[in-house]
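Below is model37.csv, which holds CSV, C-alpha atoms.
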chain,number,residue,atom,x,y,z
A,1,MET,CA,19.3,3.4,136.4
A,2,ALA,CA,18.7,5.8,139.4
A,3,THR,CA,17.9,9.4,138.6
A,4,PRO,CA,19.6,12.2,140.5
A,5,HIS,CA,17.7,14.5,142.8
A,6,HIS,CA,18.8,17.9,144.1
A,7,ALA,CA,19.5,18.9,147.6
A,8,VAL,CA,20.0,22.6,148.4
A,9,THR,CA,22.1,24.0,151.3
A,10,ASP,CA,22.8,27.7,151.5
A,11,GLY,CA,22.1,28.1,147.8
A,12,SER,CA,24.4,25.3,146.6
A,13,ALA,CA,22.7,22.5,144.7
A,14,LEU,CA,24.0,19.0,145.2
A,15,ASP,CA,23.3,16.3,142.6
A,16,LEU,CA,22.7,13.2,144.8
A,17,PRO,CA,21.6,9.9,143.2
A,18,VAL,CA,18.5,8.2,144.4
A,19,PRO,CA,19.7,5.1,146.3
A,20,GLY,CA,19.2,1.9,144.2
A,21,ILE,CA,19.3,-0.4,147.3
A,22,THR,CA,18.0,0.3,150.7
A,23,GLU,CA,18.3,-1.8,153.9
A,24,ARG,CA,15.8,-4.6,154.6
A,25,ILE,CA,16.0,-6.6,157.8
A,26,ILE,CA,16.1,-10.4,157.7
A,27,THR,CA,16.3,-13.0,160.5
A,28,GLY,CA,18.0,-16.3,160.2
A,29,ALA,CA,17.4,-19.6,162.1
A,30,ALA,CA,18.3,-20.1,165.7
A,31,GLY,CA,22.0,-20.8,165.9
A,32,LEU,CA,22.3,-22.9,169.1
A,33,PRO,CA,20.3,-25.9,167.8
A,34,VAL,CA,22.3,-25.9,164.6
A,35,LEU,CA,25.6,-25.7,166.6
A,36,PHE,CA,24.7,-28.6,168.9
A,37,GLY,CA,23.3,-30.6,165.9
A,38,SER,CA,26.5,-30.0,163.9
A,39,LEU,CA,28.7,-31.1,166.8
A,40,PHE,CA,26.7,-34.2,167.3
A,41,GLY,CA,26.9,-34.9,163.5
A,42,LEU,CA,30.7,-34.5,163.7
A,43,ALA,CA,30.9,-37.0,166.5
A,44,ALA,CA,28.6,-39.3,164.8
A,45,GLY,CA,30.6,-39.1,161.6
A,46,VAL,CA,33.8,-39.9,163.3
A,47,GLY,CA,32.1,-42.8,165.2
A,48,SER,CA,30.6,-44.1,161.9
A,49,VAL,CA,34.0,-44.2,160.2
A,50,ILE,CA,35.6,-46.0,163.2
A,51,SER,CA,32.7,-48.5,163.5
A,52,GLY,CA,32.8,-49.1,159.7
A,53,ALA,CA,36.5,-49.9,159.9
A,54,VAL,CA,35.9,-52.3,162.7
A,55,GLN,CA,33.1,-54.0,160.8
A,56,LEU,CA,35.3,-54.3,157.7
A,57,ALA,CA,38.0,-55.8,159.8
A,58,GLY,CA,35.5,-58.3,161.2
A,59,GLY,CA,34.5,-59.4,157.8
A,60,ASN,CA,31.1,-57.7,157.8
A,61,LYS,CA,31.6,-55.8,154.5
A,62,GLY,CA,28.0,-54.7,153.9
A,63,VAL,CA,27.6,-52.9,157.2
A,64,GLY,CA,31.2,-51.7,157.3
A,65,THR,CA,31.0,-50.2,153.8
A,66,THR,CA,27.8,-48.4,154.7
A,67,LEU,CA,29.2,-46.9,157.8
A,68,VAL,CA,32.4,-45.9,156.1
A,69,ILE,CA,30.4,-44.0,153.4
A,70,LEU,CA,28.0,-42.5,155.9
A,71,GLY,CA,30.7,-41.1,158.2
A,72,PRO,CA,32.3,-38.7,155.7
A,73,VAL,CA,28.8,-37.6,154.6
A,74,LEU,CA,27.9,-36.7,158.2
A,75,LEU,CA,31.2,-34.9,158.6
A,76,LEU,CA,30.8,-32.8,155.4
A,77,THR,CA,27.2,-32.0,156.2
A,78,SER,CA,28.1,-30.9,159.8
A,79,LEU,CA,31.0,-28.8,158.6
A,80,LEU,CA,28.7,-27.2,156.0
A,81,LEU,CA,26.1,-26.4,158.6
A,82,LEU,CA,28.8,-24.9,160.9
A,83,CYS,CA,29.9,-22.5,158.0
A,84,GLY,CA,26.4,-21.0,158.2
A,85,LEU,CA,26.7,-19.9,161.8
A,86,THR,CA,27.0,-16.2,162.2
A,87,VAL,CA,27.7,-14.2,165.4
A,88,VAL,CA,26.3,-10.7,165.6
A,89,SER,CA,27.8,-8.5,168.3
A,90,PRO,CA,26.2,-5.4,169.9
A,91,GLY,CA,26.7,-2.4,167.7
A,92,GLU,CA,27.2,-4.4,164.6
A,93,ALA,CA,25.2,-5.7,161.6
A,94,ARG,CA,25.8,-8.2,158.9
A,95,VAL,CA,25.0,-7.5,155.2
A,96,VAL,CA,24.1,-10.8,153.6
A,97,GLN,CA,24.7,-11.5,149.9
A,98,LEU,CA,23.9,-14.7,147.9
A,99,LEU,CA,25.6,-15.1,144.6
A,100,GLY,CA,26.1,-11.3,144.3
A,101,ARG,CA,22.6,-10.4,145.2
A,102,TYR,CA,21.7,-8.5,148.3
A,103,ARG,CA,19.5,-10.6,150.5
A,104,GLY,CA,19.1,-8.4,153.6
A,105,THR,CA,20.7,-7.2,156.8
A,106,ILE,CA,20.9,-9.0,160.2
A,107,ARG,CA,20.8,-6.7,163.2
A,108,ALA,CA,19.7,-9.1,165.9
A,109,GLU,CA,22.4,-9.9,168.4
A,110,GLY,CA,23.5,-13.4,169.1
A,111,LEU,CA,24.2,-16.6,167.2
A,112,THR,CA,22.2,-17.0,164.0
A,113,TRP,CA,22.3,-19.6,161.2
A,114,LEU,CA,22.1,-18.6,157.6
A,115,ASN,CA,22.6,-20.3,154.2
A,116,PRO,CA,26.2,-21.3,154.3
A,117,PHE,CA,26.7,-20.2,150.7
A,118,THR,CA,26.0,-16.6,151.5
A,119,SER,CA,28.6,-14.0,152.2
A,120,ARG,CA,28.2,-11.9,155.3
A,121,ARG,CA,30.0,-8.5,155.6
A,122,ARG,CA,30.4,-7.0,159.1
A,123,ILE,CA,29.3,-3.3,159.4
A,124,SER,CA,29.8,-1.3,162.5
A,125,THR,CA,26.7,0.7,163.6
A,126,ARG,CA,28.4,2.3,166.5
A,127,ILE,CA,28.7,6.1,166.8
A,128,ARG,CA,32.0,7.4,165.4
A,129,ASN,CA,34.0,10.6,165.4
A,130,HIS,CA,35.9,12.1,162.5
A,131,GLU,CA,38.1,15.1,162.9
A,132,THR,CA,39.2,16.9,159.8
A,133,GLU,CA,42.7,18.2,159.2
A,134,THR,CA,43.3,21.9,159.7
A,135,THR,CA,42.2,23.4,156.4
A,136,LYS,CA,43.5,26.7,155.0
A,137,VAL,CA,40.7,28.5,153.1
A,138,ASN,CA,39.6,32.1,152.4
A,139,ASP,CA,36.5,33.4,154.2
A,140,ALA,CA,33.7,35.4,152.6
A,141,ASP,CA,35.9,38.5,152.8
A,142,GLY,CA,38.9,36.8,151.1
A,143,ASN,CA,40.9,36.6,154.3
A,144,PRO,CA,42.9,33.4,154.7
A,145,ILE,CA,41.8,31.4,157.8
A,146,GLU,CA,42.5,28.0,159.3
A,147,MET,CA,39.6,25.9,160.2
A,148,ALA,CA,39.0,22.3,161.4
A,149,ALA,CA,35.9,20.5,162.6
A,150,VAL,CA,34.8,17.2,164.2
A,151,VAL,CA,31.7,15.3,163.0
A,152,VAL,CA,29.9,12.6,165.0
A,153,TRP,CA,28.2,10.1,162.7
A,154,GLN,CA,26.7,6.7,162.5
A,155,VAL,CA,25.8,4.2,159.8
A,156,GLU,CA,22.0,4.2,159.6
A,157,ASP,CA,21.4,2.2,156.3
A,158,THR,CA,23.9,-0.6,156.0
A,159,ALA,CA,22.9,-1.5,152.4
A,160,MET,CA,23.5,2.0,151.2
A,161,ALA,CA,26.8,2.2,153.0
A,162,VAL,CA,28.0,-1.0,151.3
A,163,PHE,CA,26.5,-0.7,147.8
A,164,GLU,CA,26.1,3.0,147.1
A,165,VAL,CA,29.7,4.1,147.7
A,166,ASP,CA,33.1,2.4,147.4
A,167,ASP,CA,34.3,3.1,151.0
A,168,TYR,CA,31.8,4.9,153.3
A,169,THR,CA,34.4,5.9,155.9
A,170,ASP,CA,36.5,7.7,153.2
A,171,PHE,CA,33.4,9.1,151.7
A,172,VAL,CA,32.4,10.7,155.0
A,173,ALA,CA,35.9,12.1,155.5
A,174,ILE,CA,36.1,13.7,152.1
A,175,GLN,CA,32.5,15.1,152.2
A,176,THR,CA,33.1,16.5,155.6
A,177,GLU,CA,36.2,18.4,154.5
A,178,THR,CA,34.3,19.7,151.4
A,179,ALA,CA,31.5,21.0,153.7
A,180,VAL,CA,34.0,22.7,156.0
A,181,ARG,CA,35.6,24.5,153.1
A,182,HIS,CA,32.2,25.6,151.7
A,183,ILE,CA,31.0,26.9,155.1
A,184,ALA,CA,34.3,28.7,155.7
A,185,SER,CA,34.1,30.5,152.4
A,186,SER,CA,30.4,31.4,152.8
A,187,TYR,CA,30.7,33.6,155.9
A,188,PRO,CA,33.2,36.2,157.1
A,189,TYR,CA,35.4,35.5,160.1
A,190,ASP,CA,34.2,38.6,161.9
A,191,ALA,CA,30.8,40.4,161.6
A,192,HIS,CA,31.1,43.9,160.1
A,193,HIS,CA,27.7,45.1,161.2
A,194,GLU,CA,25.0,44.1,163.7
A,195,GLY,CA,23.0,41.1,162.8
A,196,GLN,CA,25.5,39.6,160.4
A,197,LEU,CA,26.4,36.0,160.9
A,198,SER,CA,30.1,35.3,161.2
A,199,LEU,CA,32.3,32.3,161.9
A,200,ARG,CA,33.6,33.6,165.2
A,201,ASP,CA,30.5,35.0,166.7
A,202,GLY,CA,27.8,32.6,165.4
A,203,ALA,CA,29.4,29.3,166.5
A,204,ASP,CA,26.1,27.6,167.3
A,205,GLU,CA,24.4,28.7,164.1
A,206,ILE,CA,27.4,27.8,162.0
A,207,ALA,CA,27.6,24.4,163.6
A,208,ARG,CA,23.9,23.7,162.7
A,209,LYS,CA,24.5,24.8,159.1
A,210,LEU,CA,27.6,22.6,158.9
A,211,SER,CA,25.8,19.6,160.3
A,212,ALA,CA,22.9,20.1,157.8
A,213,GLU,CA,25.3,20.3,154.9
A,214,ILE,CA,27.4,17.3,155.9
A,215,ALA,CA,24.1,15.3,156.4
A,216,GLU,CA,23.0,16.1,152.9
A,217,ARG,CA,26.4,15.2,151.4
A,218,VAL,CA,26.6,11.8,153.1
A,219,ALA,CA,22.9,10.8,152.9
A,220,SER,CA,23.6,8.7,149.8
A,221,ALA,CA,26.0,6.6,151.9
A,222,GLY,CA,23.3,5.7,154.5
A,223,VAL,CA,25.1,7.8,157.1
A,224,ARG,CA,23.3,9.9,159.8
A,225,VAL,CA,25.1,12.9,161.2
A,226,VAL,CA,24.6,13.2,165.0
A,227,GLU,CA,26.5,16.5,165.5
A,228,SER,CA,29.4,18.6,164.2
A,229,ARG,CA,31.4,21.3,165.8
A,230,ILE,CA,34.2,23.6,164.8
A,231,THR,CA,37.4,22.7,166.7
A,232,ARG,CA,39.8,25.2,165.3
A,233,LEU,CA,39.2,28.7,163.9
A,234,ALA,CA,41.9,31.3,163.4
A,235,TYR,CA,43.4,33.6,160.9
A,236,ALA,CA,46.3,32.2,158.9
A,237,PRO,CA,49.7,33.1,160.4
A,238,GLU,CA,50.6,35.5,157.6
A,239,VAL,CA,47.7,37.8,158.4
A,240,ALA,CA,47.1,37.0,162.1
A,241,GLN,CA,49.1,40.0,163.4
A,242,VAL,CA,47.4,42.5,161.1
A,243,MET,CA,44.0,41.1,161.9
A,244,LEU,CA,44.8,41.3,165.6
A,245,GLN,CA,45.7,44.9,165.3
A,246,ARG,CA,42.4,45.5,163.5
A,247,GLN,CA,40.5,43.8,166.2
A,248,GLN,CA,42.3,45.8,168.9
A,249,ALA,CA,41.6,49.0,167.0
A,250,GLY,CA,37.9,48.1,166.7
A,251,ALA,CA,37.8,47.4,170.5
A,252,VAL,CA,39.4,50.8,171.2
A,253,VAL,CA,37.0,52.6,169.0
A,254,ALA,CA,34.0,50.9,170.6
A,255,ALA,CA,35.3,51.7,174.0
A,256,ARG,CA,35.9,55.4,173.1
A,257,ARG,CA,32.4,55.6,171.6
A,258,LEU,CA,30.9,54.3,174.9
A,259,ILE,CA,33.0,56.8,176.9
A,260,VAL,CA,31.9,59.7,174.7
A,261,GLU,CA,28.2,58.8,174.9
A,262,GLY,CA,28.5,58.6,178.7
A,263,ALA,CA,30.3,61.9,179.0
A,264,VAL,CA,27.8,63.7,176.8
A,265,GLY,CA,25.0,62.4,179.0
A,266,MET,CA,26.8,63.5,182.2
A,267,VAL,CA,27.4,67.0,180.7
A,268,GLU,CA,23.8,67.4,179.7
A,269,GLU,CA,22.7,66.3,183.2
A,270,ALA,CA,25.1,68.8,184.8
A,271,LEU,CA,23.8,71.7,182.7
A,272,ASP,CA,20.2,70.8,183.3
A,273,ARG,CA,20.7,70.6,187.1
A,274,LEU,CA,22.5,73.9,187.2
A,275,ALA,CA,19.7,75.5,185.3
A,276,GLU,CA,16.9,73.9,187.4
A,277,ARG,CA,18.5,74.9,190.8
A,278,ASP,CA,19.5,78.4,189.5
A,279,VAL,CA,23.0,77.9,190.9
A,280,VAL,CA,24.7,80.1,188.3
A,281,GLU,CA,23.6,81.7,185.1
A,282,LEU,CA,25.9,81.0,182.2
A,283,ASP,CA,25.8,82.6,178.8
A,284,GLU,CA,26.4,80.5,175.6
A,285,GLU,CA,30.1,81.1,175.6
A,286,ARG,CA,30.6,80.0,179.2
A,287,LYS,CA,28.4,76.9,178.6
A,288,ALA,CA,30.6,76.0,175.7
A,289,ALA,CA,33.7,76.4,177.8
A,290,MET,CA,32.2,74.3,180.6
A,291,VAL,CA,31.2,71.6,178.1
A,292,SER,CA,34.7,71.6,176.6
A,293,ASN,CA,36.3,71.3,180.0
A,294,LEU,CA,34.0,68.5,181.2
A,295,LEU,CA,34.5,66.5,178.1
A,296,VAL,CA,38.3,66.8,178.4
A,297,VAL,CA,38.1,65.6,182.0
A,298,LEU,CA,35.6,62.7,181.3
A,299,CYS,CA,37.1,61.5,178.0
A,300,GLY,CA,40.7,61.9,178.7
A,301,ASP,CA,42.7,58.7,179.4
A,302,ARG,CA,45.0,60.5,181.9
A,303,GLY,CA,44.3,62.4,185.1
A,304,THR,CA,43.8,66.2,184.6
A,305,GLN,CA,45.4,69.0,186.6
A,306,PRO,CA,42.7,71.4,187.7
A,307,VAL,CA,43.3,75.2,187.5
A,308,VAL,CA,41.6,77.0,190.4
A,309,ASN,CA,40.1,80.4,189.5
A,310,THR,CA,40.2,82.7,192.6
A,311,GLY,CA,38.8,85.7,190.8
A,312,SER,CA,35.5,86.2,189.1
A,313,LEU,CA,33.8,83.9,186.7
A,314,TYR,CA,34.7,86.1,183.8
A,315,GLN,CA,38.5,86.5,184.5

So, in terms of structure tokens, how does the structure I just supplied come out?
Amino acid sequence: MATPHHAVTDGSALDLPVPGITERIITGAAGLPVLFGSLFGLAAGVGSVISGAVQLAGGNKGVGTTLVILGPVLLLTSLLLLCGLTVVSPGEARVVQLLGRYRGTIRAEGLTWLNPFTSRRRISTRIRNHETETTKVNDADGNPIEMAAVVVWQVEDTAMAVFEVDDYTDFVAIQTETAVRHIASSYPYDAHHEGQLSLRDGADEIARKLSAEIAERVASAGVRVVESRITRLAYAPEVAQVMLQRQQAGAVVAARRLIVEGAVGMVEEALDRLAERDVVELDEERKAAMVSNLLVVLCGDRGTQPVVNTGSLYQ
């Protein structure tokens, strides 16, 4: 009995069984000589039966009986040989079993002859796509989100795909959905501080983690994951409007912070230049008034109406 081993992805341990059967390549006999020989045997069998009947009709019972018996033997043998012919197309493989035992896998393209008593199951080795249904799940912050992904995969070990799981296509589909749910619940939709990995901002990193987790989950089925990508990511409809308002508020705050930082720098530069060029001498009260007026002008979201002072500076 195979003992389980543990694979770890993002802190989650997966109990995956050690595969009991792995693929081994076999090659059969050349198929074309068997095909031509079998066709010749069929023709010879039919001809033998006809010739035997003619001999029996002519009174030559010894030769006629021999030919009549030989004809069906040739026919049955040729038909049996034809049953062993196997065609392997590009992008396919054949898993061969004899009396329930795994004998090997044929990957060579073309016409091949095998033991006619073996069973040969066709397995596609082409690259396939699987897109999950839109899944509703809570992210790491508990916010309901909708998420879907597409995974590109390929059968790498035909023996494991056939004998280690019931249906490897369903297995890939279920394990992909499980991985999508786990990844979605492990990270927040939006990053709350610099350097935090989020589903929306870290698409490439999340895709790599998703591919790694799916690959670990389907490894026992002999499947290789080529790539996976998130195809849909959005807040659930019941919270989408609220989250949009929060995103807009965050954008407004970030823009205001940038404006204030720029305005403060401009005010500092103005005061420094006035002092360097000795244009006017301002006491602390007048500096505070000037700073206040400049910040209002620079930070305001509407145009200001200037008040022209025609008197002295201190009126």

Contact residues around range 36-39 of chain A with only C-alpha atoms at 7 Å, ignoring same-chain residues under 6 positions, as a list in words | Ser78, Leu81 and Leu82 of chain A

Can you tell me, as an NGL selection string, what residues are no more than 10 Å from range 208-219 of chain A when counting all atoms listed in the file, ignoring any on the same chain fewer than 2 positions away?
-> :A and (6-10 or 12 or 14-19 or 149 or 151-153 or 155-157 or 160-161 or 165 or 168 or 171-180 or 182-184 or 203-206 or 221-230)

Could you save the residues just selected, with C-alpha atoms, as a compact mmCIF listing (two decimals), in the frame of the given file?
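See part-v7.txt below for the written result:
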# COMPACT_ATOMS: atom_id res chain seq x y z
CA HIS A 6 18.80 17.90 144.10
CA ALA A 7 19.50 18.90 147.60
CA VAL A 8 20.00 22.60 148.40
CA THR A 9 22.10 24.00 151.30
CA ASP A 10 22.80 27.70 151.50
CA SER A 12 24.40 25.30 146.60
CA LEU A 14 24.00 19.00 145.20
CA ASP A 15 23.30 16.30 142.60
CA LEU A 16 22.70 13.20 144.80
CA PRO A 17 21.60 9.90 143.20
CA VAL A 18 18.50 8.20 144.40
CA PRO A 19 19.70 5.10 146.30
CA ALA A 149 35.90 20.50 162.60
CA VAL A 151 31.70 15.30 163.00
CA VAL A 152 29.90 12.60 165.00
CA TRP A 153 28.20 10.10 162.70
CA VAL A 155 25.80 4.20 159.80
CA GLU A 156 22.00 4.20 159.60
CA ASP A 157 21.40 2.20 156.30
CA MET A 160 23.50 2.00 151.20
CA ALA A 161 26.80 2.20 153.00
CA VAL A 165 29.70 4.10 147.70
CA TYR A 168 31.80 4.90 153.30
CA PHE A 171 33.40 9.10 151.70
CA VAL A 172 32.40 10.70 155.00
CA ALA A 173 35.90 12.10 155.50
CA ILE A 174 36.10 13.70 152.10
CA GLN A 175 32.50 15.10 152.20
CA THR A 176 33.10 16.50 155.60
CA GLU A 177 36.20 18.40 154.50
CA THR A 178 34.30 19.70 151.40
CA ALA A 179 31.50 21.00 153.70
CA VAL A 180 34.00 22.70 156.00
CA HIS A 182 32.20 25.60 151.70
CA ILE A 183 31.00 26.90 155.10
CA ALA A 184 34.30 28.70 155.70
CA ALA A 203 29.40 29.30 166.50
CA ASP A 204 26.10 27.60 167.30
CA GLU A 205 24.40 28.70 164.10
CA ILE A 206 27.40 27.80 162.00
CA ALA A 221 26.00 6.60 151.90
CA GLY A 222 23.30 5.70 154.50
CA VAL A 223 25.10 7.80 157.10
CA ARG A 224 23.30 9.90 159.80
CA VAL A 225 25.10 12.90 161.20
CA VAL A 226 24.60 13.20 165.00
CA GLU A 227 26.50 16.50 165.50
CA SER A 228 29.40 18.60 164.20
CA ARG A 229 31.40 21.30 165.80
CA ILE A 230 34.20 23.60 164.80

What is the CA of Leu85 in chain A to CA of Gly41 in chain A distance in Å?
->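 Taking CA of Leu85 in chain A as the start and CA of Gly41 in chain A as the end point, the length is 15.1 Å.
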
Could you please determine the separation between CA of Gly91 in chain A and CA of Ala108 in chain A in Å, to one decimal place?
-> 9.9 Å

Give me, please, the distance in Å between CA of Ala263 in chain A and CA of Lys287 in chain A, quoted to one decimal.
-> 15.1 Å

Using only C-alpha atoms, which residues sit within 9 Å of Glu23 in chain A once same-chain residues fewer than 2 positions away are excluded, as a PyMOL selection string?
-> chain A and resi 21+25+95+104-105+157-160

As a PDB file, keeping the file's coordinate frame, the rebuilt range 130-153 of chain A with N, CA and C atoms:
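Listing of selection-v2.pdb after writing:
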ATOM      1  N   HIS A 130      34.899  11.777 163.533  1.00  0.00           N
ATOM      2  CA  HIS A 130      35.900  12.100 162.500  1.00  0.00           C
ATOM      3  C   HIS A 130      36.280  13.537 162.635  1.00  0.00           C
ATOM      4  N   GLU A 131      37.570  13.776 162.801  1.00  0.00           N
ATOM      5  CA  GLU A 131      38.100  15.100 162.900  1.00  0.00           C
ATOM      6  C   GLU A 131      38.876  15.463 161.653  1.00  0.00           C
ATOM      7  N   THR A 132      38.546  16.557 161.014  1.00  0.00           N
ATOM      8  CA  THR A 132      39.200  16.900 159.800  1.00  0.00           C
ATOM      9  C   THR A 132      40.594  17.527 160.099  1.00  0.00           C
ATOM     10  N   GLU A 133      41.442  17.499 159.093  1.00  0.00           N
ATOM     11  CA  GLU A 133      42.700  18.200 159.200  1.00  0.00           C
ATOM     12  C   GLU A 133      42.456  19.712 159.192  1.00  0.00           C
ATOM     13  N   THR A 134      43.392  20.456 159.755  1.00  0.00           N
ATOM     14  CA  THR A 134      43.300  21.900 159.700  1.00  0.00           C
ATOM     15  C   THR A 134      43.355  22.383 158.265  1.00  0.00           C
ATOM     16  N   THR A 135      42.279  23.016 157.815  1.00  0.00           N
ATOM     17  CA  THR A 135      42.200  23.400 156.400  1.00  0.00           C
ATOM     18  C   THR A 135      42.392  24.922 156.297  1.00  0.00           C
ATOM     19  N   LYS A 136      43.210  25.300 155.319  1.00  0.00           N
ATOM     20  CA  LYS A 136      43.500  26.700 155.000  1.00  0.00           C
ATOM     21  C   LYS A 136      42.582  27.144 153.885  1.00  0.00           C
ATOM     22  N   VAL A 137      41.710  28.110 154.130  1.00  0.00           N
ATOM     23  CA  VAL A 137      40.700  28.500 153.100  1.00  0.00           C
ATOM     24  C   VAL A 137      40.440  30.015 153.333  1.00  0.00           C
ATOM     25  N   ASN A 138      39.950  30.679 152.293  1.00  0.00           N
ATOM     26  CA  ASN A 138      39.600  32.100 152.400  1.00  0.00           C
ATOM     27  C   ASN A 138      38.130  32.203 152.862  1.00  0.00           C
ATOM     28  N   ASP A 139      37.873  33.137 153.778  1.00  0.00           N
ATOM     29  CA  ASP A 139      36.500  33.400 154.200  1.00  0.00           C
ATOM     30  C   ASP A 139      35.769  34.212 153.183  1.00  0.00           C
ATOM     31  N   ALA A 140      34.548  34.628 153.513  1.00  0.00           N
ATOM     32  CA  ALA A 140      33.700  35.400 152.600  1.00  0.00           C
ATOM     33  C   ALA A 140      34.366  36.716 152.178  1.00  0.00           C
ATOM     34  N   ASP A 141      35.220  37.268 153.043  1.00  0.00           N
ATOM     35  CA  ASP A 141      35.900  38.500 152.800  1.00  0.00           C
ATOM     36  C   ASP A 141      37.222  38.335 152.036  1.00  0.00           C
ATOM     37  N   GLY A 142      37.588  37.080 151.781  1.00  0.00           N
ATOM     38  CA  GLY A 142      38.900  36.800 151.100  1.00  0.00           C
ATOM     39  C   GLY A 142      40.039  36.704 152.055  1.00  0.00           C
ATOM     40  N   ASN A 143      39.809  36.748 153.365  1.00  0.00           N
ATOM     41  CA  ASN A 143      40.900  36.600 154.300  1.00  0.00           C
ATOM     42  C   ASN A 143      41.264  35.163 154.527  1.00  0.00           C
ATOM     43  N   PRO A 144      42.549  34.804 154.495  1.00  0.00           N
ATOM     44  CA  PRO A 144      42.900  33.400 154.700  1.00  0.00           C
ATOM     45  C   PRO A 144      42.752  33.014 156.188  1.00  0.00           C
ATOM     46  N   ILE A 145      42.059  31.924 156.422  1.00  0.00           N
ATOM     47  CA  ILE A 145      41.800  31.400 157.800  1.00  0.00           C
ATOM     48  C   ILE A 145      42.143  29.956 157.837  1.00  0.00           C
ATOM     49  N   GLU A 146      42.323  29.452 159.042  1.00  0.00           N
ATOM     50  CA  GLU A 146      42.500  28.000 159.300  1.00  0.00           C
ATOM     51  C   GLU A 146      41.323  27.504 160.064  1.00  0.00           C
ATOM     52  N   MET A 147      40.783  26.383 159.600  1.00  0.00           N
ATOM     53  CA  MET A 147      39.600  25.900 160.200  1.00  0.00           C
ATOM     54  C   MET A 147      39.591  24.348 160.221  1.00  0.00           C
ATOM     55  N   ALA A 148      39.112  23.768 161.294  1.00  0.00           N
ATOM     56  CA  ALA A 148      39.000  22.300 161.400  1.00  0.00           C
ATOM     57  C   ALA A 148      37.682  22.035 162.176  1.00  0.00           C
ATOM     58  N   ALA A 149      37.138  20.842 161.965  1.00  0.00           N
ATOM     59  CA  ALA A 149      35.900  20.500 162.600  1.00  0.00           C
ATOM     60  C   ALA A 149      35.865  19.003 162.923  1.00  0.00           C
ATOM     61  N   VAL A 150      34.983  18.627 163.828  1.00  0.00           N
ATOM     62  CA  VAL A 150      34.800  17.200 164.200  1.00  0.00           C
ATOM     63  C   VAL A 150      33.301  16.904 163.921  1.00  0.00           C
ATOM     64  N   VAL A 151      33.056  15.746 163.334  1.00  0.00           N
ATOM     65  CA  VAL A 151      31.700  15.300 163.000  1.00  0.00           C
ATOM     66  C   VAL A 151      31.448  13.978 163.719  1.00  0.00           C
ATOM     67  N   VAL A 152      30.300  13.857 164.348  1.00  0.00           N
ATOM     68  CA  VAL A 152      29.900  12.600 165.000  1.00  0.00           C
ATOM     69  C   VAL A 152      28.839  11.970 164.080  1.00  0.00           C
ATOM     70  N   TRP A 153      29.099  10.733 163.650  1.00  0.00           N
ATOM     71  CA  TRP A 153      28.200  10.100 162.700  1.00  0.00           C
ATOM     72  C   TRP A 153      28.025   8.630 162.964  1.00  0.00           C
TER      73      TRP A 153
END
